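Structure data follow from entry_14.pdb (PDB, C-alpha atoms and all ligand atoms):
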MODEL        1
ATOM      1  CA  MET A  27     103.885  84.508  68.300  1.00  0.00           C
ATOM      2  CA  LYS A  28     100.833  85.671  70.233  1.00  0.00           C
ATOM      3  CA  VAL A  29      99.593  84.618  73.637  1.00  0.00           C
ATOM      4  CA  VAL A  30      96.542  85.505  75.711  1.00  0.00           C
ATOM      5  CA  LEU A  31      97.133  86.755  79.259  1.00  0.00           C
ATOM      6  CA  ALA A  32      94.363  86.191  81.796  1.00  0.00           C
ATOM      7  CA  THR A  33      94.617  89.127  84.180  1.00  0.00           C
ATOM      8  CA  LYS A  34      92.543  92.065  85.340  1.00  0.00           C
ATOM      9  CA  ASN A  35      95.597  93.840  86.681  1.00  0.00           C
ATOM     10  CA  ARG A  36      96.734  96.607  84.304  1.00  0.00           C
ATOM     11  CA  GLY A  37     100.169  96.907  85.920  1.00  0.00           C
ATOM     12  CA  LYS A  38     100.798  93.221  85.442  1.00  0.00           C
ATOM     13  CA  LEU A  39      99.593  93.365  81.841  1.00  0.00           C
ATOM     14  CA  LYS A  40     102.014  96.215  81.011  1.00  0.00           C
ATOM     15  CA  GLU A  41     104.940  94.371  82.555  1.00  0.00           C
ATOM     16  CA  PHE A  42     104.148  91.184  80.613  1.00  0.00           C
ATOM     17  CA  GLN A  43     103.768  93.135  77.370  1.00  0.00           C
ATOM     18  CA  GLU A  44     107.031  95.022  77.849  1.00  0.00           C
ATOM     19  CA  LYS A  45     109.029  91.950  78.852  1.00  0.00           C
ATOM     20  CA  LEU A  46     107.649  89.617  76.167  1.00  0.00           C
ATOM     21  CA  LYS A  47     108.242  92.252  73.469  1.00  0.00           C
ATOM     22  CA  GLU A  48     111.962  91.498  73.958  1.00  0.00           C
ATOM     23  CA  PHE A  49     111.218  87.990  72.714  1.00  0.00           C
ATOM     24  CA  GLU A  50     108.828  89.076  69.950  1.00  0.00           C
ATOM     25  CA  ILE A  51     105.817  87.614  71.723  1.00  0.00           C
ATOM     26  CA  GLU A  52     102.646  89.708  71.565  1.00  0.00           C
ATOM     27  CA  VAL A  53     100.417  89.655  74.629  1.00  0.00           C
ATOM     28  CA  ILE A  54      96.661  89.881  74.100  1.00  0.00           C
ATOM     29  CA  PRO A  55      94.684  90.771  77.240  1.00  0.00           C
ATOM     30  CA  ILE A  56      91.886  88.312  77.977  1.00  0.00           C
ATOM     31  CA  ASP A  57      89.228  91.039  77.998  1.00  0.00           C
ATOM     32  CA  GLN A  58      89.833  91.607  74.260  1.00  0.00           C
ATOM     33  CA  ILE A  59      88.756  88.022  73.612  1.00  0.00           C
ATOM     34  CA  SER A  60      86.247  87.122  76.277  1.00  0.00           C
ATOM     35  CA  ASN A  61      84.138  88.774  78.933  1.00  0.00           C
ATOM     36  CA  LEU A  62      83.992  85.652  81.093  1.00  0.00           C
ATOM     37  CA  GLU A  63      84.525  86.416  84.755  1.00  0.00           C
ATOM     38  CA  PRO A  64      87.680  84.798  86.179  1.00  0.00           C
ATOM     39  CA  PRO A  65      87.292  81.738  88.409  1.00  0.00           C
ATOM     40  CA  GLU A  66      87.502  82.333  92.135  1.00  0.00           C
ATOM     41  CA  GLU A  67      91.059  81.963  93.461  1.00  0.00           C
ATOM     42  CA  LYS A  68      90.422  78.956  95.659  1.00  0.00           C
ATOM     43  CA  GLY A  69      93.890  77.448  95.855  1.00  0.00           C
ATOM     44  CA  ILE A  70      96.169  77.537  98.848  1.00  0.00           C
ATOM     45  CA  THR A  71      99.259  78.025  96.659  1.00  0.00           C
ATOM     46  CA  PHE A  72     100.252  80.471  93.896  1.00  0.00           C
ATOM     47  CA  CYS A  73     100.771  77.409  91.745  1.00  0.00           C
ATOM     48  CA  GLU A  74      97.186  76.129  92.011  1.00  0.00           C
ATOM     49  CA  ASN A  75      95.689  79.553  91.369  1.00  0.00           C
ATOM     50  CA  ALA A  76      97.789  80.185  88.254  1.00  0.00           C
ATOM     51  CA  TYR A  77      97.033  76.708  86.880  1.00  0.00           C
ATOM     52  CA  GLU A  78      93.295  76.898  87.547  1.00  0.00           C
ATOM     53  CA  LYS A  79      92.940  80.288  85.899  1.00  0.00           C
ATOM     54  CA  ALA A  80      94.963  79.424  82.792  1.00  0.00           C
ATOM     55  CA  LYS A  81      93.071  76.135  82.368  1.00  0.00           C
ATOM     56  CA  TYR A  82      89.685  77.746  82.921  1.00  0.00           C
ATOM     57  CA  TYR A  83      90.130  80.304  80.158  1.00  0.00           C
ATOM     58  CA  SER A  84      92.057  78.111  77.753  1.00  0.00           C
ATOM     59  CA  GLU A  85      89.349  75.438  77.796  1.00  0.00           C
ATOM     60  CA  ARG A  86      86.703  78.044  77.084  1.00  0.00           C
ATOM     61  CA  ILE A  87      88.391  80.070  74.350  1.00  0.00           C
ATOM     62  CA  ASP A  88      90.408  77.189  72.861  1.00  0.00           C
ATOM     63  CA  LEU A  89      93.666  79.158  72.731  1.00  0.00           C
ATOM     64  CA  PRO A  90      96.898  78.975  74.739  1.00  0.00           C
ATOM     65  CA  VAL A  91      96.489  81.108  77.861  1.00  0.00           C
ATOM     66  CA  ILE A  92      98.963  82.423  80.421  1.00  0.00           C
ATOM     67  CA  ALA A  93      97.866  83.190  83.986  1.00  0.00           C
ATOM     68  CA  GLU A  94      99.990  84.413  86.848  1.00  0.00           C
ATOM     69  CA  ASP A  95      99.433  84.340  90.572  1.00  0.00           C
ATOM     70  CA  SER A  96     101.814  86.438  92.591  1.00  0.00           C
ATOM     71  CA  GLY A  97     102.182  88.117  95.932  1.00  0.00           C
ATOM     72  CA  LEU A  98     104.267  89.509  98.716  1.00  0.00           C
ATOM     73  CA  GLU A  99     105.533  87.396 101.608  1.00  0.00           C
ATOM     74  CA  VAL A 100     106.621  89.354 104.672  1.00  0.00           C
ATOM     75  CA  GLU A 101     108.871  87.628 107.195  1.00  0.00           C
ATOM     76  CA  ALA A 102     107.601  89.499 110.258  1.00  0.00           C
ATOM     77  CA  LEU A 103     104.036  88.496 109.267  1.00  0.00           C
ATOM     78  CA  ASN A 104     104.950  84.821 108.860  1.00  0.00           C
ATOM     79  CA  GLY A 105     104.641  85.024 105.088  1.00  0.00           C
ATOM     80  CA  ARG A 106     101.424  87.002 104.920  1.00  0.00           C
ATOM     81  CA  PRO A 107      99.779  88.422 102.839  1.00  0.00           C
ATOM     82  CA  GLY A 108     101.074  85.766 100.374  1.00  0.00           C
ATOM     83  CA  ILE A 109      98.288  84.444  98.140  1.00  0.00           C
ATOM     84  CA  PHE A 110      95.962  87.018  99.727  1.00  0.00           C
ATOM     85  CA  SER A 111      98.106  89.983  98.623  1.00  0.00           C
ATOM     86  CA  ALA A 112      95.503  91.446  96.260  1.00  0.00           C
ATOM     87  CA  ARG A 113      92.819  91.348  98.982  1.00  0.00           C
ATOM     88  CA  PHE A 114      94.875  91.961 102.144  1.00  0.00           C
ATOM     89  CA  ALA A 115      92.592  94.809 103.217  1.00  0.00           C
ATOM     90  CA  GLY A 116      89.465  92.945 102.056  1.00  0.00           C
ATOM     91  CA  GLU A 117      87.789  91.815  98.834  1.00  0.00           C
ATOM     92  CA  GLY A 118      88.145  94.456  96.108  1.00  0.00           C
ATOM     93  CA  ALA A 119      90.663  96.502  98.130  1.00  0.00           C
ATOM     94  CA  THR A 120      92.726  99.133  96.309  1.00  0.00           C
ATOM     95  CA  ASP A 121      96.539  99.075  96.267  1.00  0.00           C
ATOM     96  CA  GLU A 122      96.496 102.032  98.628  1.00  0.00           C
ATOM     97  CA  GLU A 123      94.256 100.244 101.137  1.00  0.00           C
ATOM     98  CA  ASN A 124      96.442  97.139 101.013  1.00  0.00           C
ATOM     99  CA  ASN A 125      99.559  99.251 101.563  1.00  0.00           C
ATOM    100  CA  LYS A 126      97.937 100.949 104.555  1.00  0.00           C
ATOM    101  CA  ARG A 127      97.092  97.579 106.049  1.00  0.00           C
ATOM    102  CA  LEU A 128     100.681  96.403 105.617  1.00  0.00           C
ATOM    103  CA  ILE A 129     102.067  99.527 107.280  1.00  0.00           C
ATOM    104  CA  LEU A 130      99.601  99.129 110.145  1.00  0.00           C
ATOM    105  CA  GLU A 131     100.483  95.469 110.716  1.00  0.00           C
ATOM    106  CA  LEU A 132     104.201  96.258 110.815  1.00  0.00           C
ATOM    107  CA  LYS A 133     103.675  99.209 113.154  1.00  0.00           C
ATOM    108  CA  LYS A 134     101.535  97.074 115.476  1.00  0.00           C
ATOM    109  CA  LEU A 135     104.596  94.867 115.871  1.00  0.00           C
ATOM    110  CA  GLY A 136     106.726  97.950 116.550  1.00  0.00           C
ATOM    111  CA  LEU A 137     108.602  97.505 113.246  1.00  0.00           C
ATOM    112  CA  GLU A 138     109.665 100.013 110.593  1.00  0.00           C
ATOM    113  CA  ASN A 139     110.704  97.312 108.162  1.00  0.00           C
ATOM    114  CA  SER A 140     110.930  93.577 107.641  1.00  0.00           C
ATOM    115  CA  PRO A 141     112.631  91.214 105.204  1.00  0.00           C
ATOM    116  CA  ALA A 142     110.188  90.185 102.476  1.00  0.00           C
ATOM    117  CA  ARG A 143     109.995  88.678  99.021  1.00  0.00           C
ATOM    118  CA  TYR A 144     107.794  88.885  95.974  1.00  0.00           C
ATOM    119  CA  VAL A 145     106.814  85.607  94.361  1.00  0.00           C
ATOM    120  CA  SER A 146     105.442  84.988  90.872  1.00  0.00           C
ATOM    121  CA  PHE A 147     104.059  81.747  89.539  1.00  0.00           C
ATOM    122  CA  ILE A 148     103.151  81.538  85.856  1.00  0.00           C
ATOM    123  CA  PHE A 149     101.254  78.832  84.039  1.00  0.00           C
ATOM    124  CA  LEU A 150     100.877  78.510  80.262  1.00  0.00           C
ATOM    125  CA  TYR A 151      98.016  76.171  79.374  1.00  0.00           C
ATOM    126  CA  ILE A 152      97.931  74.857  75.830  1.00  0.00           C
ATOM    127  CA  PRO A 153      94.609  73.315  74.719  1.00  0.00           C
ATOM    128  CA  GLU A 154      96.190  70.366  72.861  1.00  0.00           C
ATOM    129  CA  GLY A 155      97.075  69.019  76.274  1.00  0.00           C
ATOM    130  CA  MET A 156     100.251  70.632  77.431  1.00  0.00           C
ATOM    131  CA  GLY A 157     101.257  72.882  80.257  1.00  0.00           C
ATOM    132  CA  LEU A 158     104.391  74.853  81.016  1.00  0.00           C
ATOM    133  CA  TRP A 159     105.078  76.607  84.287  1.00  0.00           C
ATOM    134  CA  SER A 160     107.750  78.790  85.805  1.00  0.00           C
ATOM    135  CA  SER A 161     108.297  80.807  88.930  1.00  0.00           C
ATOM    136  CA  GLY A 162     110.452  83.669  90.142  1.00  0.00           C
ATOM    137  CA  GLU A 163     111.194  85.561  93.304  1.00  0.00           C
ATOM    138  CA  VAL A 164     112.920  88.761  94.349  1.00  0.00           C
ATOM    139  CA  LYS A 165     114.116  89.247  97.887  1.00  0.00           C
ATOM    140  CA  GLY A 166     114.165  92.572  99.645  1.00  0.00           C
ATOM    141  CA  LYS A 167     112.523  94.401 102.510  1.00  0.00           C
ATOM    142  CA  VAL A 168     109.296  96.234 103.131  1.00  0.00           C
ATOM    143  CA  ILE A 169     109.261  99.673 104.776  1.00  0.00           C
ATOM    144  CA  THR A 170     106.549 101.802 106.366  1.00  0.00           C
ATOM    145  CA  GLU A 171     107.117 105.066 104.419  1.00  0.00           C
ATOM    146  CA  PRO A 172     105.843 104.731 100.818  1.00  0.00           C
ATOM    147  CA  ARG A 173     108.038 106.200  98.033  1.00  0.00           C
ATOM    148  CA  GLY A 174     107.666 106.414  94.252  1.00  0.00           C
ATOM    149  CA  GLU A 175     104.927 106.486  91.645  1.00  0.00           C
ATOM    150  CA  GLY A 176     105.888 103.618  89.331  1.00  0.00           C
ATOM    151  CA  GLY A 177     104.863  99.966  89.311  1.00  0.00           C
ATOM    152  CA  PHE A 178     101.745  98.941  91.226  1.00  0.00           C
ATOM    153  CA  GLY A 179     100.629  97.142  94.379  1.00  0.00           C
ATOM    154  CA  TYR A 180     103.162  97.125  97.190  1.00  0.00           C
ATOM    155  CA  ASP A 181     105.978  98.612  95.068  1.00  0.00           C
ATOM    156  CA  PRO A 182     106.168 101.933  97.015  1.00  0.00           C
ATOM    157  CA  LEU A 183     106.902  99.867 100.154  1.00  0.00           C
ATOM    158  CA  PHE A 184     109.324  97.303  98.687  1.00  0.00           C
ATOM    159  CA  ILE A 185     113.086  97.798  98.421  1.00  0.00           C
ATOM    160  CA  PRO A 186     114.843  95.063  96.431  1.00  0.00           C
ATOM    161  CA  GLU A 187     118.049  93.602  97.859  1.00  0.00           C
ATOM    162  CA  GLY A 188     121.097  95.639  96.781  1.00  0.00           C
ATOM    163  CA  TYR A 189     119.004  98.782  96.143  1.00  0.00           C
ATOM    164  CA  THR A 190     118.163 101.897  98.132  1.00  0.00           C
ATOM    165  CA  LYS A 191     115.202 102.849  95.914  1.00  0.00           C
ATOM    166  CA  THR A 192     111.783 101.289  96.217  1.00  0.00           C
ATOM    167  CA  MET A 193     110.429  99.229  93.323  1.00  0.00           C
ATOM    168  CA  ALA A 194     108.071 102.150  92.578  1.00  0.00           C
ATOM    169  CA  GLU A 195     111.085 104.427  92.061  1.00  0.00           C
ATOM    170  CA  LEU A 196     112.612 102.199  89.372  1.00  0.00           C
ATOM    171  CA  PRO A 197     111.759 102.505  85.668  1.00  0.00           C
ATOM    172  CA  MET A 198     109.656  99.564  84.425  1.00  0.00           C
ATOM    173  CA  GLU A 199     112.547  98.250  82.355  1.00  0.00           C
ATOM    174  CA  GLU A 200     114.724  97.970  85.440  1.00  0.00           C
ATOM    175  CA  LYS A 201     111.960  96.458  87.570  1.00  0.00           C
ATOM    176  CA  ASN A 202     111.419  93.858  84.851  1.00  0.00           C
ATOM    177  CA  LYS A 203     115.097  92.867  84.947  1.00  0.00           C
ATOM    178  CA  ILE A 204     115.111  92.027  88.645  1.00  0.00           C
ATOM    179  CA  SER A 205     111.514  91.310  89.548  1.00  0.00           C
ATOM    180  CA  HIS A 206     109.880  87.990  90.436  1.00  0.00           C
ATOM    181  CA  ARG A 207     107.686  88.391  87.346  1.00  0.00           C
ATOM    182  CA  GLY A 208     110.532  89.341  85.010  1.00  0.00           C
ATOM    183  CA  LYS A 209     112.504  86.277  86.088  1.00  0.00           C
ATOM    184  CA  ALA A 210     109.526  83.930  85.786  1.00  0.00           C
ATOM    185  CA  ILE A 211     108.726  85.278  82.313  1.00  0.00           C
ATOM    186  CA  GLU A 212     112.306  84.734  81.137  1.00  0.00           C
ATOM    187  CA  LYS A 213     112.215  81.161  82.386  1.00  0.00           C
ATOM    188  CA  LEU A 214     108.904  80.548  80.627  1.00  0.00           C
ATOM    189  CA  VAL A 215     110.281  81.902  77.344  1.00  0.00           C
ATOM    190  CA  ASN A 216     113.230  79.513  77.605  1.00  0.00           C
ATOM    191  CA  LEU A 217     110.832  76.615  78.113  1.00  0.00           C
ATOM    192  CA  ILE A 218     108.772  77.675  75.094  1.00  0.00           C
ATOM    193  CA  LYS A 219     111.950  77.772  72.991  1.00  0.00           C
ATOM    194  CA  GLU A 220     112.867  74.257  74.146  1.00  0.00           C
ATOM    195  CA  VAL A 221     109.446  72.905  73.290  1.00  0.00           C
ATOM    196  CA  LYS A 222     109.503  74.536  69.841  1.00  0.00           C
ATOM    197  CA  LYS A 223     112.683  72.599  69.016  1.00  0.00           C
ATOM    198  CA  TRP A 224     110.901  69.239  69.392  1.00  0.00           C
TER     199      TRP A 224
HETATM  200  O1  LIG B   1      94.553  87.912  89.415  1.00  0.00           O
HETATM  201  P1  LIG B   1      94.844  88.985  88.388  1.00  0.00           P
HETATM  202  O2  LIG B   1      93.648  89.395  87.616  1.00  0.00           O
HETATM  203  O3  LIG B   1      96.006  88.627  87.507  1.00  0.00           O
HETATM  204  O4  LIG B   1      95.320  90.314  89.164  1.00  0.00           O
HETATM  205  P2  LIG B   1      95.634  90.453  90.728  1.00  0.00           P
HETATM  206  O5  LIG B   1      96.067  91.849  91.008  1.00  0.00           O
HETATM  207  O6  LIG B   1      94.481  89.901  91.529  1.00  0.00           O
HETATM  208  O7  LIG B   1      96.898  89.539  90.851  1.00  0.00           O
HETATM  209  P3  LIG B   1      97.186  88.355  91.873  1.00  0.00           P
HETATM  210  O8  LIG B   1      95.973  87.578  92.148  1.00  0.00           O
HETATM  211  O9  LIG B   1      98.386  87.638  91.300  1.00  0.00           O
HETATM  212  O10 LIG B   1      97.607  89.123  93.186  1.00  0.00           O
HETATM  213  C1  LIG B   1      98.865  89.706  93.232  1.00  0.00           C
HETATM  214  C2  LIG B   1      98.898  90.846  94.216  1.00  0.00           C
HETATM  215  O11 LIG B   1     100.207  90.823  94.824  1.00  0.00           O
HETATM  216  C3  LIG B   1     100.798  92.081  94.785  1.00  0.00           C
HETATM  217  N1  LIG B   1     101.881  92.079  93.783  1.00  0.00           N
HETATM  218  C4  LIG B   1     102.218  91.082  92.932  1.00  0.00           C
HETATM  219  N2  LIG B   1     103.223  91.441  92.124  1.00  0.00           N
HETATM  220  C5  LIG B   1     103.524  92.690  92.455  1.00  0.00           C
HETATM  221  C6  LIG B   1     104.446  93.633  91.969  1.00  0.00           C
HETATM  222  O12 LIG B   1     105.241  93.354  90.943  1.00  0.00           O
HETATM  223  N3  LIG B   1     104.484  94.823  92.540  1.00  0.00           N
HETATM  224  C7  LIG B   1     103.666  95.124  93.562  1.00  0.00           C
HETATM  225  N4  LIG B   1     102.743  94.330  94.075  1.00  0.00           N
HETATM  226  C8  LIG B   1     102.674  93.103  93.531  1.00  0.00           C
HETATM  227  C9  LIG B   1      99.695  93.057  94.359  1.00  0.00           C
HETATM  228  O13 LIG B   1      98.981  93.478  95.498  1.00  0.00           O
HETATM  229  C10 LIG B   1      98.785  92.183  93.515  1.00  0.00           C
HETATM  230  O14 LIG B   1      97.465  92.644  93.478  1.00  0.00           O
HETATM  231 MG    MG B   2      93.939  87.840  91.478  1.00  0.00          MG
ENDMDL
END

Serialized structure, structure tokens:
Amino acid sequence: MKVVLATKNRGKLKEFQEKLKEFEIEVIPIDQISNLEPPEEKGITFCENAYEKAKYYSERIDLPVIAEDSGLEVEALNGRPGIFSARFAGEGATDEENNKRLILELKKLGLENSPARYVSFIFLYIPEGMGLWSSGEVKGKVITEPRGEGGFGYDPLFIPEGYTKTMAELPMEEKNKISHRGKAIEKLVNLIKEVKKW
């Protein structure tokens, strides 16, 4: 089975490819099929953004498309950056700039860490008129001293619950076992299997 993934994020793409390989599903990045620019993320929830993006591409390329919207919710920041995680430090910000902003915001509050969670929301849009969705989360804490080279985004600042290493210090295989995305992908695969039985 093959499925198109609508993302511009290389880290995300690699994690999807690695995880779905376990289930013999091949992931084709959207830019191999189409050079359409993604729709603006206008939603106020992860759910809306994932749905809108999957629908947008699927209707235009007439193939099943997966899109994911994900982010980091920090307790001390009342859930921010949330859906704005990719652009916390401004439109087009790099991971490093976003991490700096997070550290600064925590320090402004006099904090060295805060409970936090990563959230992933995945939508699979099938042109014949069907949609499947799943979500996942991983709880942990964010710190103000980055560590590790793996993963992407806020991983050098995120320590999953029950761990002492940051997400960026874990091999991808291990991150995929415990991460918001890994869990959401597993749930989606189970749904696909159910639907195939009909
Ligand atoms: O929209 P696409 O093209 O898929 O790529 P994106 O990077 O903009 O992806 P999102 O809109 O879902 O924003 C998610 C942001 O949340 C953060 N994030 C999500 N999952 C993460 C993870 O597993 N590790 C670290 N940071 C993560 C990171 O800053 C991402 O850029
Ligand atoms: Mg995005």

key: Residues within 12 Å of (118.1, 91.4, 107.3), file coords, all atoms listed in the file, listed as a list in words   =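 Protein, DNA and RNA residues close to (118.1, 91.4, 107.3): Val100, Glu101, Ala102, Asn139, Ser140, Pro141, Ala142, Arg143, Lys165, Gly166, Lys167, Val168, Pro186, Glu187 and Gly188 of chain A.
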
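With distances restricted to all atoms listed in the file, A:Ala112 is the closest residue to ligand MG 2 (chain B) from A:Ala112, A:Met198, A:Leu217, A:Leu62.
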
task = Might you spell out which residues the PyMOL selection byres (((chain A and resi 116-128) around 12) and not hetatm) would select in the displayed file, as number ranges by chain?
result = A: 34-35, 37, 66-67, 97-100, 102-103, 106-108, 110-115, 129-135, 137-140, 142, 168-173, 175, 177-184

query = Of the candidates A:Phe72, A:Tyr189, A:Phe49, A:Phe149, which shows the shortest atom-to-atom distance to ligand LIG 1 (chain B), using all atoms listed in the file?
reply = A:Phe72

ask   = Could you state the separation of atom O11 of ligand LIG 1 (chain B) and atom CA of Ser96 of chain A in Å, given to one decimal place?
value =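 Between these atoms lies a distance of 5.2 Å.
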
request  = Work out how far apart atom C10 of ligand LIG 1 (chain B) and atom CA of Gly155 of chain A are and give it in Å to one decimal.
outcome  =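 One can read the atom C10 of ligand LIG 1 (chain B) to atom CA of Gly155 of chain A distance as 28.9 Å.
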
Which residue of A:Lys40, A:Lys28, A:Lys68, A:Lys47 approaches ligand MG 2 (chain B) most closely, using all atoms listed in the file =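 Under the stated criterion, the closest residue is A:Lys68.
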
request  = To one decimal in Å, tell me the separation between atom CA of Gly174 of chain A and atom CA of Ile56 of chain A.
outcome  =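 Those two atoms sit 29.0 Å apart.
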
query = Quick one: of A:Leu150, A:Gly69, A:Met27, A:Arg207, who's nearest to ligand MG 2 (chain B), counting all atoms listed in the file?
reply =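 Of all the options, A:Gly69 lies closest to ligand MG 2 (chain B).
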
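Using only C-alpha atoms and all ligand atoms, the shortest contact distance between ligand LIG 1 (chain B) and any of A:Lys38, A:Lys209, A:Lys81, A:Lys223 is found at A:Lys38.
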
task = Could you tell me which of A:Leu158, A:Ala93, A:Ile59, A:Ala194 comes closest to Gly176 of chain A if we count all atoms listed in the file?
result =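 Of all the options, A:Ala194 lies closest to Gly176 of chain A.
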
Would you place a box with edges along x, y and z of the file around all atoms of segment 82-87 of chain A listed there, add 5 Å to each of its six sides, and report the centre and edge lengths in Å to one decimal, as lines of an AutoDock Vina configuration file?
center_x = 89.4
center_y = 77.9
center_z = 78.6
size_x = 15.4
size_y = 14.9
size_z = 18.6

request  = Step by step, work through what the PyMOL selection byres (((chain A and resi 88) around 12) and not hetatm) selects in the shown file, and finish by giving those residues as a list in words.
outcome  =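 With the shown file as input, the PyMOL selection byres (((chain A and resi 88) around 12) and not hetatm) matches Val29, Val30, Ile59, Ser60, Ala80, Lys81, Tyr82, Tyr83, Ser84, Glu85, Arg86, Ile87, Leu89, Pro90, Val91, Tyr151, Ile152, Pro153, Glu154 and Gly155 of chain A.
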
ask   = Could you spell out the hits of the PyMOL selection byres (((chain A and resi 76) around 8) and not hetatm) on the shown file, as a ChimeraX atom specification?
value = /A:72-75,77-80,93-95,147-149

Return segment 118-137 of chain A, completed with N, CA and C atoms, as a PDB file, in the coordinates of the input.
ATOM      1  N   GLY A 118      88.272  93.241  96.926  1.00  0.00           N
ATOM      2  CA  GLY A 118      88.145  94.456  96.108  1.00  0.00           C
ATOM      3  C   GLY A 118      88.945  95.648  96.622  1.00  0.00           C
ATOM      4  N   ALA A 119      89.862  95.404  97.553  1.00  0.00           N
ATOM      5  CA  ALA A 119      90.663  96.502  98.130  1.00  0.00           C
ATOM      6  C   ALA A 119      91.557  97.144  97.064  1.00  0.00           C
ATOM      7  N   THR A 120      91.812  98.443  97.229  1.00  0.00           N
ATOM      8  CA  THR A 120      92.726  99.133  96.309  1.00  0.00           C
ATOM      9  C   THR A 120      94.162  98.895  96.783  1.00  0.00           C
ATOM     10  N   ASP A 121      95.123  99.201  95.894  1.00  0.00           N
ATOM     11  CA  ASP A 121      96.539  99.075  96.267  1.00  0.00           C
ATOM     12  C   ASP A 121      96.830  99.923  97.506  1.00  0.00           C
ATOM     13  N   GLU A 122      96.243 101.116  97.512  1.00  0.00           N
ATOM     14  CA  GLU A 122      96.496 102.032  98.628  1.00  0.00           C
ATOM     15  C   GLU A 122      95.995 101.448  99.957  1.00  0.00           C
ATOM     16  N   GLU A 123      94.812 100.857  99.913  1.00  0.00           N
ATOM     17  CA  GLU A 123      94.256 100.244 101.137  1.00  0.00           C
ATOM     18  C   GLU A 123      95.118  99.067 101.610  1.00  0.00           C
ATOM     19  N   ASN A 124      95.579  98.269 100.653  1.00  0.00           N
ATOM     20  CA  ASN A 124      96.442  97.139 101.013  1.00  0.00           C
ATOM     21  C   ASN A 124      97.760  97.625 101.619  1.00  0.00           C
ATOM     22  N   ASN A 125      98.311  98.697 101.032  1.00  0.00           N
ATOM     23  CA  ASN A 125      99.559  99.251 101.563  1.00  0.00           C
ATOM     24  C   ASN A 125      99.368  99.765 102.985  1.00  0.00           C
ATOM     25  N   LYS A 126      98.240 100.426 103.216  1.00  0.00           N
ATOM     26  CA  LYS A 126      97.937 100.949 104.555  1.00  0.00           C
ATOM     27  C   LYS A 126      97.873  99.821 105.569  1.00  0.00           C
ATOM     28  N   ARG A 127      97.219  98.737 105.173  1.00  0.00           N
ATOM     29  CA  ARG A 127      97.092  97.579 106.049  1.00  0.00           C
ATOM     30  C   ARG A 127      98.475  97.006 106.394  1.00  0.00           C
ATOM     31  N   LEU A 128      99.331  96.936 105.387  1.00  0.00           N
ATOM     32  CA  LEU A 128     100.681  96.403 105.617  1.00  0.00           C
ATOM     33  C   LEU A 128     101.448  97.287 106.604  1.00  0.00           C
ATOM     34  N   ILE A 129     101.369  98.587 106.389  1.00  0.00           N
ATOM     35  CA  ILE A 129     102.067  99.527 107.280  1.00  0.00           C
ATOM     36  C   ILE A 129     101.552  99.365 108.713  1.00  0.00           C
ATOM     37  N   LEU A 130     100.231  99.274 108.830  1.00  0.00           N
ATOM     38  CA  LEU A 130      99.601  99.129 110.145  1.00  0.00           C
ATOM     39  C   LEU A 130     100.060  97.847 110.852  1.00  0.00           C
ATOM     40  N   GLU A 131     100.083  96.758 110.116  1.00  0.00           N
ATOM     41  CA  GLU A 131     100.483  95.469 110.716  1.00  0.00           C
ATOM     42  C   GLU A 131     101.931  95.510 111.191  1.00  0.00           C
ATOM     43  N   LEU A 132     102.792  96.166 110.409  1.00  0.00           N
ATOM     44  CA  LEU A 132     104.201  96.258 110.815  1.00  0.00           C
ATOM     45  C   LEU A 132     104.322  97.149 112.046  1.00  0.00           C
ATOM     46  N   LYS A 133     103.610  98.278 112.023  1.00  0.00           N
ATOM     47  CA  LYS A 133     103.675  99.209 113.154  1.00  0.00           C
ATOM     48  C   LYS A 133     103.145  98.589 114.437  1.00  0.00           C
ATOM     49  N   LYS A 134     102.096  97.769 114.306  1.00  0.00           N
ATOM     50  CA  LYS A 134     101.535  97.074 115.476  1.00  0.00           C
ATOM     51  C   LYS A 134     102.588  96.206 116.154  1.00  0.00           C
ATOM     52  N   LEU A 135     103.523  95.702 115.329  1.00  0.00           N
ATOM     53  CA  LEU A 135     104.596  94.867 115.871  1.00  0.00           C
ATOM     54  C   LEU A 135     105.798  95.713 116.299  1.00  0.00           C
ATOM     55  N   GLY A 136     105.643  97.039 116.176  1.00  0.00           N
ATOM     56  CA  GLY A 136     106.726  97.950 116.550  1.00  0.00           C
ATOM     57  C   GLY A 136     107.860  97.970 115.532  1.00  0.00           C
ATOM     58  N   LEU A 137     107.551  97.596 114.275  1.00  0.00           N
ATOM     59  CA  LEU A 137     108.602  97.505 113.246  1.00  0.00           C
ATOM     60  C   LEU A 137     108.486  98.628 112.220  1.00  0.00           C
TER      61      LEU A 137
END
